[in-house]
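Source file structure.txt; content: compact mmCIF, C-alpha atoms.
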```txt
# COMPACT_ATOMS: atom_id res chain seq x y z
CA MET T 1 1.49 50.61 -52.40
CA ARG T 2 -2.29 50.57 -52.03
CA LYS T 3 -3.68 53.06 -49.50
CA THR T 4 -5.60 51.52 -46.64
CA ASN T 5 -7.97 54.47 -46.51
CA SER T 6 -9.03 54.32 -50.15
CA PRO T 7 -12.73 55.00 -50.88
CA SER T 8 -13.42 51.38 -51.83
CA ILE T 9 -11.97 50.00 -48.60
CA VAL T 10 -13.85 52.57 -46.52
CA PHE T 11 -17.04 51.67 -48.36
CA TRP T 12 -16.65 47.95 -47.69
CA HIS T 13 -15.83 48.60 -44.04
CA LYS T 14 -19.02 50.62 -43.66
CA ALA T 15 -21.00 47.99 -45.56
CA ALA T 16 -19.67 45.28 -43.25
CA GLY T 17 -20.60 47.37 -40.21
CA VAL T 18 -24.12 47.87 -41.52
CA GLY T 19 -24.41 44.15 -42.29
CA LEU T 20 -23.37 43.22 -38.76
CA ALA T 21 -25.67 45.80 -37.17
CA THR T 22 -28.74 44.94 -39.26
CA PRO T 23 -29.73 41.77 -37.32
CA ALA T 24 -29.44 43.60 -34.00
CA ILE T 25 -31.48 46.52 -35.31
CA ALA T 26 -34.10 44.11 -36.65
CA VAL T 27 -34.37 42.36 -33.26
CA VAL T 28 -34.74 45.68 -31.43
CA ALA T 29 -37.34 46.88 -33.93
CA LEU T 30 -39.31 43.64 -33.79
CA LEU T 31 -39.23 43.01 -30.06
CA PHE T 32 -39.29 46.56 -28.68
CA MET T 33 -40.17 49.29 -31.15
CA TYR T 34 -43.02 47.45 -32.89
CA PRO T 35 -44.90 46.63 -29.64
CA PHE T 36 -44.30 50.18 -28.40
CA VAL T 37 -45.76 51.70 -31.59
CA LEU T 38 -48.82 49.42 -31.37
CA SER T 39 -49.33 50.33 -27.71
CA PHE T 40 -48.96 54.02 -28.47
CA ILE T 41 -51.50 53.89 -31.31
CA SER T 42 -53.95 51.95 -29.15
CA SER T 43 -53.51 54.42 -26.30
CA LEU T 44 -54.72 57.22 -28.59
CA ARG T 45 -58.01 55.47 -29.38
CA SER T 46 -61.07 55.38 -27.17
CA GLN T 47 -63.38 52.41 -26.71
CA ASP T 48 -65.49 53.94 -29.51
CA GLU T 49 -62.44 53.88 -31.82
CA VAL T 50 -62.11 57.68 -31.73
CA TRP T 51 -58.70 59.35 -31.74
CA THR T 52 -58.24 61.10 -28.41
CA LEU T 53 -55.88 61.91 -25.55
CA ALA T 54 -58.54 61.07 -23.00
CA ASN T 55 -56.78 57.84 -22.03
CA TYR T 56 -53.73 59.76 -20.87
CA ALA T 57 -55.86 62.29 -19.01
CA GLU T 58 -57.68 59.43 -17.29
CA ALA T 59 -54.42 57.63 -16.54
CA PHE T 60 -52.96 60.69 -14.79
CA SER T 61 -56.26 61.37 -13.04
CA LEU T 62 -56.75 57.85 -11.70
CA TYR T 63 -53.19 56.61 -11.39
CA GLY T 64 -51.01 59.71 -11.09
CA GLY T 65 -50.37 58.85 -7.45
CA ASP T 66 -49.53 55.27 -8.40
CA LEU T 67 -47.06 56.56 -11.00
CA VAL T 68 -45.26 58.65 -8.37
CA PHE T 69 -45.40 55.74 -5.92
CA THR T 70 -43.97 53.33 -8.50
CA LEU T 71 -41.08 55.64 -9.36
CA TRP T 72 -40.39 56.29 -5.67
CA VAL T 73 -40.34 52.57 -4.82
CA CYS T 74 -38.07 51.77 -7.78
CA LEU T 75 -35.66 54.62 -7.05
CA ALA T 76 -35.51 53.82 -3.31
CA SER T 77 -34.93 50.15 -4.11
CA LEU T 78 -32.25 51.11 -6.63
CA ALA T 79 -30.44 53.34 -4.13
CA LEU T 80 -30.37 50.52 -1.57
CA LEU T 81 -29.35 48.03 -4.25
CA ILE T 82 -26.40 50.16 -5.38
CA GLY T 83 -25.17 50.60 -1.82
CA ILE T 84 -25.59 46.95 -0.83
CA SER T 85 -24.13 45.51 -4.03
CA ALA T 86 -21.16 47.89 -3.88
CA MET T 87 -20.39 46.92 -0.29
CA ILE T 88 -20.81 43.18 -0.80
CA GLY T 89 -19.03 43.25 -4.16
CA GLY T 90 -16.17 45.21 -2.65
CA PHE T 91 -15.63 42.76 0.21
CA LEU T 92 -15.87 39.81 -2.18
CA ARG T 93 -13.31 41.49 -4.47
CA LEU T 94 -10.88 42.19 -1.65
CA GLY T 95 -11.13 38.66 -0.24
CA ALA T 96 -11.90 35.13 -1.42
CA TYR T 97 -15.34 34.08 -0.16
CA PRO T 98 -16.73 31.67 -2.79
CA VAL T 99 -19.48 30.29 -0.52
CA LEU T 100 -20.76 33.77 0.35
CA GLU T 101 -20.60 34.78 -3.31
CA PHE T 102 -22.75 31.80 -4.27
CA ILE T 103 -25.27 32.57 -1.50
CA PHE T 104 -25.64 36.19 -2.61
CA LYS T 105 -26.16 35.11 -6.22
CA ILE T 106 -28.99 32.69 -5.36
CA PRO T 107 -31.69 35.33 -6.17
CA LEU T 108 -30.63 35.05 -9.82
CA PHE T 109 -32.25 31.62 -10.00
CA VAL T 110 -35.41 32.35 -8.00
CA PRO T 111 -38.54 33.36 -10.00
CA PHE T 112 -40.25 36.64 -9.14
CA VAL T 113 -43.45 34.91 -8.02
CA VAL T 114 -41.50 32.72 -5.60
CA VAL T 115 -39.78 35.77 -4.13
CA GLY T 116 -43.14 37.46 -3.65
CA HIS T 117 -44.60 34.44 -1.88
CA ALA T 118 -41.48 33.90 0.24
CA MET T 119 -41.42 37.52 1.39
CA ARG T 120 -45.13 37.39 2.11
CA VAL T 121 -44.57 34.42 4.42
CA PHE T 122 -41.42 35.93 5.92
CA LEU T 123 -43.01 39.32 6.71
CA ALA T 124 -46.54 38.19 7.62
CA PRO T 125 -48.02 39.08 11.08
CA HIS T 126 -47.13 35.61 12.38
CA GLY T 127 -44.52 34.89 9.73
CA THR T 128 -40.93 33.80 10.00
CA LEU T 129 -39.52 37.19 11.04
CA ASN T 130 -42.02 37.87 13.83
CA SER T 131 -41.85 34.26 15.04
CA ALA T 132 -38.08 34.51 15.36
CA ILE T 133 -38.41 37.78 17.31
CA ALA T 134 -41.14 36.33 19.53
CA ILE T 135 -38.89 33.42 20.53
CA THR T 136 -36.77 35.84 22.55
CA GLY T 137 -39.78 36.44 24.83
CA LEU T 138 -39.20 40.19 24.79
CA PHE T 139 -42.16 41.00 22.56
CA ASN T 140 -45.78 39.96 22.33
CA PRO T 141 -46.18 38.20 18.95
CA ASP T 142 -49.70 39.63 18.60
CA LEU T 143 -48.37 43.19 18.86
CA LEU T 144 -45.49 42.89 16.42
CA PRO T 145 -45.99 44.88 13.20
CA SER T 146 -46.53 43.22 9.83
CA PHE T 147 -44.46 44.35 6.85
CA ALA T 148 -46.03 42.00 4.32
CA PHE T 149 -48.29 44.60 2.70
CA THR T 150 -46.24 47.72 3.24
CA THR T 151 -43.86 49.77 1.15
CA PHE T 152 -40.99 48.42 3.25
CA GLY T 153 -41.89 44.84 2.35
CA LEU T 154 -42.20 45.73 -1.33
CA ILE T 155 -38.80 47.42 -1.39
CA ALA T 156 -37.18 44.56 0.55
CA ALA T 157 -38.49 41.99 -1.94
CA LEU T 158 -37.39 44.01 -4.98
CA VAL T 159 -33.92 44.57 -3.56
CA TRP T 160 -33.44 40.91 -2.63
CA LYS T 161 -34.63 39.64 -6.02
CA ASN T 162 -32.34 41.97 -7.98
CA LEU T 163 -29.33 41.56 -5.69
CA GLY T 164 -27.94 38.59 -7.63
CA LEU T 165 -27.91 40.42 -10.99
CA ALA T 166 -26.58 43.62 -9.43
CA LEU T 167 -23.78 41.78 -7.66
CA LEU T 168 -22.88 39.86 -10.82
CA LEU T 169 -22.42 43.07 -12.82
CA VAL T 170 -20.73 45.08 -10.08
CA LEU T 171 -18.36 42.30 -9.05
CA GLY T 172 -17.33 41.76 -12.66
CA GLY T 173 -16.32 45.40 -12.90
CA PHE T 174 -14.53 45.35 -9.54
CA ARG T 175 -12.47 42.33 -10.57
CA SER T 176 -11.24 44.15 -13.66
CA VAL T 177 -9.39 46.67 -11.47
CA ASN T 178 -5.64 46.14 -11.48
CA GLU T 179 -4.47 44.43 -8.30
CA GLY T 180 -1.33 46.57 -8.22
CA MET T 181 -3.37 49.75 -7.76
CA LEU T 182 -5.21 48.26 -4.80
CA GLU T 183 -1.96 47.02 -3.24
CA ALA T 184 -0.47 50.51 -3.61
CA ALA T 185 -3.50 52.02 -1.91
CA LYS T 186 -3.25 49.46 0.90
CA GLY T 187 0.41 50.37 1.31
CA MET T 188 -0.62 53.98 1.88
CA GLY T 189 -2.96 52.95 4.68
CA ALA T 190 -6.30 52.62 2.88
CA GLY T 191 -8.73 50.25 4.62
CA LYS T 192 -11.41 48.13 2.98
CA LEU T 193 -14.12 50.80 3.11
CA ARG T 194 -11.83 53.40 1.59
CA LEU T 195 -10.74 50.96 -1.12
CA ILE T 196 -14.38 50.28 -1.99
CA TRP T 197 -15.76 53.82 -2.03
CA HIS T 198 -12.66 55.74 -3.16
CA PHE T 199 -11.19 53.29 -5.67
CA LEU T 200 -13.47 50.45 -6.78
CA VAL T 201 -16.72 52.43 -7.09
CA PRO T 202 -15.30 55.51 -8.94
CA MET T 203 -13.35 53.27 -11.32
CA ASN T 204 -16.45 51.23 -12.20
CA LYS T 205 -19.14 53.86 -12.74
CA SER T 206 -19.98 52.33 -16.13
CA SER T 207 -20.61 48.87 -14.65
CA ILE T 208 -22.72 50.37 -11.88
CA GLY T 209 -24.61 52.43 -14.47
CA VAL T 210 -25.43 49.33 -16.52
CA MET T 211 -26.59 47.56 -13.37
CA ALA T 212 -28.72 50.54 -12.34
CA VAL T 213 -30.51 50.74 -15.70
CA LEU T 214 -31.15 47.00 -15.94
CA THR T 215 -32.43 46.62 -12.39
CA PHE T 216 -34.50 49.81 -12.49
CA THR T 217 -36.36 48.70 -15.62
CA SER T 218 -36.77 45.21 -14.14
CA MET T 219 -38.36 46.63 -10.99
CA LEU T 220 -40.49 49.04 -12.98
CA GLY T 221 -42.03 46.22 -15.03
CA CYS T 222 -42.31 43.70 -12.20
CA PHE T 223 -45.81 42.30 -11.62
CA SER T 224 -45.55 39.19 -9.43
CA ILE T 225 -44.00 40.85 -6.39
CA PRO T 226 -46.42 43.83 -6.27
CA ALA T 227 -49.33 41.41 -6.77
CA MET T 228 -48.40 39.62 -3.53
CA LEU T 229 -46.91 42.48 -1.52
CA GLY T 230 -48.72 45.57 -2.83
CA ASN T 231 -50.17 47.96 -0.28
CA ALA T 232 -53.58 46.74 0.88
CA GLY T 233 -56.05 49.56 0.21
CA GLY T 234 -53.31 52.06 -0.63
CA GLN T 235 -51.24 53.09 -3.62
CA GLN T 236 -49.85 50.32 -5.78
CA MET T 237 -47.42 49.73 -8.62
CA LEU T 238 -48.42 50.66 -12.17
CA MET T 239 -48.27 47.06 -13.37
CA MET T 240 -51.18 46.25 -11.06
CA ASP T 241 -53.20 49.09 -12.60
CA LEU T 242 -52.39 47.87 -16.09
CA TYR T 243 -53.45 44.34 -15.18
CA HIS T 244 -56.72 45.56 -13.64
CA GLN T 245 -57.65 47.67 -16.67
CA SER T 246 -56.80 45.03 -19.27
CA VAL T 247 -58.14 41.91 -17.51
CA TYR T 248 -61.11 43.13 -15.49
CA GLN T 249 -62.20 46.40 -17.13
CA HIS T 250 -61.18 45.48 -20.69
CA ASN T 251 -60.24 49.12 -21.19
CA TYR T 252 -57.31 48.48 -23.51
CA GLY T 253 -56.84 52.13 -24.44
CA LEU T 254 -56.24 53.10 -20.81
CA ALA T 255 -54.14 49.98 -20.24
CA ASN T 256 -51.93 50.88 -23.19
CA ALA T 257 -51.64 54.46 -21.96
CA ILE T 258 -50.29 53.10 -18.66
CA GLY T 259 -47.96 50.85 -20.63
CA VAL T 260 -46.66 53.77 -22.69
CA LEU T 261 -45.94 55.73 -19.51
CA THR T 262 -43.96 52.76 -18.24
CA TYR T 263 -42.11 52.53 -21.57
CA ILE T 264 -41.19 56.21 -21.31
CA ALA T 265 -39.92 55.81 -17.73
CA SER T 266 -37.80 52.82 -18.80
CA MET T 267 -36.44 54.58 -21.87
CA GLY T 268 -35.74 57.65 -19.77
CA ALA T 269 -33.36 55.65 -17.59
CA ALA T 270 -31.63 54.16 -20.65
CA ILE T 271 -31.33 57.53 -22.43
CA TYR T 272 -29.91 59.17 -19.28
CA TYR T 273 -27.24 56.46 -19.09
CA LEU T 274 -26.40 56.66 -22.80
CA LYS T 275 -26.05 60.45 -22.59
CA GLY T 276 -23.60 59.96 -19.75
CA LEU T 277 -21.56 57.61 -21.92
CA SER T 278 -21.61 60.00 -24.88
CA LYS T 279 -20.21 62.81 -22.73
CA LYS T 280 -17.22 60.63 -21.92
```

What is this file in structure tokens?
Amino acid sequence: MRKTNSPSIVFWHKAAGVGLATPAIAVVALLFMYPFVLSFISSLRSQDEVWTLANYAEAFSLYGGDLVFTLWVCLASLALLIGISAMIGGFLRLGAYPVLEFIFKIPLFVPFVVVGHAMRVFLAPHGTLNSAIAITGLFNPDLLPSFAFTTFGLIAALVWKNLGLALLLVLGGFRSVNEGMLEAAKGMGAGKLRLIWHFLVPMNKSSIGVMAVLTFTSMLGCFSIPAMLGNAGGQQMLMMDLYHQSVYQHNYGLANAIGVLTYIASMGAAIYYLKGLSKK
């Protein structure tokens, strides 16, 4: 009888694996690695075509605060997004609410620029939110605060826009949990909150991790929402700095240095998640 682990069979199995992986590797190299290498090379050249690290020094000098602000906004938005999507996904998993599920997934189909404009109108000094509060007659509409150009408004817009994708990924993981396990937990007196945080969330850390990486990188590279809701006269997201340097200043070396820093932050999130998977 022919052995299934003979060298020829092992060779052809490996060859088939390489053949299947080659197109994916080519796509990653063409769409991600090649632009990153070009950006990195350009970031090391000055406007006089001299090799230098001055662009990075200038980026940290001018936009170091914006880098910290960007990471803080993205991480705060991500923390809220994980909590909200886990709660909503848990309640949708434990009960049948198709209409609510559709409503919460609407942000999937709304462009970023529309979200930015909608939040700007909603949070403006005399926008929808303040007008609704003023109807009660308890507050002077001229004294109500505006959140349109604040960090709160920026975080609210980013969370709302990414809620549909986050819920889609989290809910898919929650629905893969065996119903018998949940019924057994209910029989032992576990309520909905305990089922969500002590059963559904721990059993779906991988799904939540995928959601966290995808939404974090999406928020990190978002331009439309910060363009409409960025802090007026204060710190702003890195994408706004990149846009300013490339479009108005034509300083492509500095713009690419900012882009490389954003690449590194995005890859850092992905590498952290992959290391967690490898430990398992």

Contacts of Gly234 of chain T within 12 Å, only C-alpha atoms, excl. fewer than 6 positions in-chain, as a short mmCIF file (atom, residue, chain, number, x, y, z; two decimals) with C-alpha atoms, in the frame of the given file:
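Saved to around_5.cif:
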```cif
data_model
loop_
_atom_site.label_atom_id
_atom_site.label_comp_id
_atom_site.auth_asym_id
_atom_site.auth_seq_id
_atom_site.Cartn_x
_atom_site.Cartn_y
_atom_site.Cartn_z
CA TYR T 63 -53.19 56.61 -11.39
CA GLY T 65 -50.37 58.85 -7.45
CA ASP T 66 -49.53 55.27 -8.40
CA PHE T 69 -45.40 55.74 -5.92
CA PHE T 149 -48.29 44.60 2.70
CA THR T 150 -46.24 47.72 3.24
CA THR T 151 -43.86 49.77 1.15
#
```

Exercise. Write out as JSON, numbers by chain which residues come within 12 Å of segment 179-190 of chain T when counting only C-alpha atoms, dropping same-chain ones fewer than 5 positions away.
Key: {"T": [90, 93, 94, 95, 174, 195, 196, 197, 198, 199, 200, 203]}

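One finds atom CA of Val159 of chain T at 7.4 Å from atom CA of Leu78 of chain T.
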
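Distance check against Leu53 of chain T using only C-alpha atoms: of T:Cys222, T:Ile155, T:Leu254, T:Leu138, the minimum falls on T:Leu254.
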
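Computed from the coordinates, the atom CA of Pro226 of chain T to atom CA of Pro111 of chain T distance equals 13.6 Å.
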
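Counting all atoms listed in the file and comparing T:Gln245, T:Ser218, T:Thr136, T:Asn130, the residue that lies closest to Ala148 of chain T is T:Asn130.
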
Exercise. Find, counting all atoms listed in the file, the residue in T:Ala212, T:Ala54, T:Leu154, T:Met240 that gets nearest to Ser266 of chain T.
Key: T:Ala212

Within 12 Å of Asn140 of chain T, counting all atoms listed in the file, which residues qualify if same-chain residues fewer than 4 places away don't, as a CSV table (one decimal) with C-alpha atoms, in the frame of the given file?
```
chain,number,residue,atom,x,y,z
T,125,PRO,CA,-48.0,39.1,11.1
T,126,HIS,CA,-47.1,35.6,12.4
T,130,ASN,CA,-42.0,37.9,13.8
T,131,SER,CA,-41.8,34.3,15.0
T,132,ALA,CA,-38.1,34.5,15.4
T,133,ILE,CA,-38.4,37.8,17.3
T,134,ALA,CA,-41.1,36.3,19.5
T,135,ILE,CA,-38.9,33.4,20.5
T,136,THR,CA,-36.8,35.8,22.6
T,144,LEU,CA,-45.5,42.9,16.4
T,145,PRO,CA,-46.0,44.9,13.2
```

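A straight line drawn from atom CA of Gly127 of chain T to atom CA of Ser224 of chain T is 19.7 Å long.
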
Give me the segment 151-269 of chain T side of the contact with segment 45-50 of chain T, cut-off 12 Å, one line per residue showing its nearest atom pair and distance in Å at one decimal, counting only C-alpha atoms, sorted by chain and residue number, as a tab-separated table.
```
residue	atom	partner	partner_atom	distance
T:Gln249	CA	T:Gln47	CA	11.4
T:His250	CA	T:Gln47	CA	9.4
T:Asn251	CA	T:Gln47	CA	7.2
T:Tyr252	CA	T:Gln47	CA	7.9
T:Gly253	CA	T:Ser46	CA	6.0
T:Leu254	CA	T:Ser46	CA	8.3
T:Ala255	CA	T:Ser46	CA	11.2
T:Asn256	CA	T:Arg45	CA	9.8
T:Ala257	CA	T:Arg45	CA	9.8
```

Quiz prompt | Option closest in space to Ile103 of chain T, from T:Leu229, T:Leu163, T:Ala124, T:Met267 [counting only C-alpha atoms] | solution = T:Leu163

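Among the candidate residues T:Phe91, T:Phe40, T:Phe32, T:Trp160, the one lying nearest to Gly191 of chain T is T:Phe91, with distances computed using all atoms listed in the file.
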
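Using only C-alpha atoms, the contacts of Gly164 of chain T at a cut-off of 8 Å, with sequence neighbours closer than 6 positions omitted, comprise Phe104, Lys105, Ile106, Pro107 and Leu108 of chain T.
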
Quiz item: Skipping near chain neighbours, those fewer than 3 positions away, what residues fall within 8 Å of His117 of chain T using all atoms listed in the file, listed as an MDAnalysis selection string?
Solution: chainID T and resid 113:114 120:121 225 228

Can you spit out the residues from that selection as a PDB file, in the coordinates of the input, using C-alpha atoms?
```
ATOM      1  CA  VAL T 113     -43.450  34.910  -8.020  1.00  0.00           C
ATOM      2  CA  VAL T 114     -41.500  32.720  -5.600  1.00  0.00           C
ATOM      3  CA  ARG T 120     -45.130  37.390   2.110  1.00  0.00           C
ATOM      4  CA  VAL T 121     -44.570  34.420   4.420  1.00  0.00           C
ATOM      5  CA  ILE T 225     -44.000  40.850  -6.390  1.00  0.00           C
ATOM      6  CA  MET T 228     -48.400  39.620  -3.530  1.00  0.00           C
TER       7      MET T 228
END
```

Exercise. Using all atoms listed in the file, pick whichever of T:Leu38, T:Ala269, T:Leu165, T:Leu100 has the shortest atom-to-atom distance to Leu81 of chain T.
Key: T:Leu165

With 4 Å of padding per side, what axis-aligned box (centre and edge lengths, Å, one decimal) covers all the listed atoms of segment 28-43 of chain T? Give it as AutoDock Vina command-line options.
```
--center_x -44.3 --center_y 48.7 --center_z -30.1 --size_x 27.2 --size_y 19.4 --size_z 15.6
```

Extract segment 47-86 of chain T from the structure I just pasted (atoms: C-alpha atoms) and return it as a compact mmCIF listing (two decimals), in the first residue's frame.
```
# COMPACT_ATOMS: atom_id res chain seq x y z
CA GLN T 47 12.56 68.64 -1.07
CA ASP T 48 16.13 68.96 -2.40
CA GLU T 49 16.21 65.18 -3.04
CA VAL T 50 18.68 64.60 -0.19
CA TRP T 51 18.46 61.49 1.98
CA THR T 52 17.55 62.57 5.50
CA LEU T 53 15.48 61.85 8.59
CA ALA T 54 14.48 65.49 8.86
CA ASN T 55 10.93 64.74 7.71
CA TYR T 56 10.35 62.49 10.71
CA ALA T 57 11.90 65.02 13.07
CA GLU T 58 9.62 67.71 11.62
CA ALA T 59 6.60 65.41 11.78
CA PHE T 60 7.12 64.73 15.50
CA SER T 61 7.92 68.39 16.15
CA LEU T 62 4.86 69.79 14.37
CA TYR T 63 2.36 66.96 14.73
CA GLY T 64 3.47 64.95 17.75
CA GLY T 65 0.47 66.26 19.67
CA ASP T 66 -1.81 65.39 16.77
CA LEU T 67 -0.40 61.86 16.73
CA VAL T 68 -1.21 61.40 20.42
CA PHE T 69 -4.62 63.00 19.90
CA THR T 70 -5.38 60.70 16.95
CA LEU T 71 -4.43 57.57 18.86
CA TRP T 72 -6.42 58.73 21.90
CA VAL T 73 -9.55 59.44 19.84
CA CYS T 74 -9.30 56.09 18.02
CA LEU T 75 -8.71 54.10 21.22
CA ALA T 76 -11.51 55.89 23.09
CA SER T 77 -13.85 55.32 20.15
CA LEU T 78 -12.80 51.68 19.98
CA ALA T 79 -13.44 51.13 23.70
CA LEU T 80 -16.94 52.59 23.37
CA LEU T 81 -17.53 50.61 20.19
CA ILE T 82 -16.58 47.31 21.82
CA GLY T 83 -18.85 47.95 24.78
CA ILE T 84 -21.82 49.14 22.71
CA SER T 85 -21.55 46.43 20.05
CA ALA T 86 -21.17 43.71 22.70
```
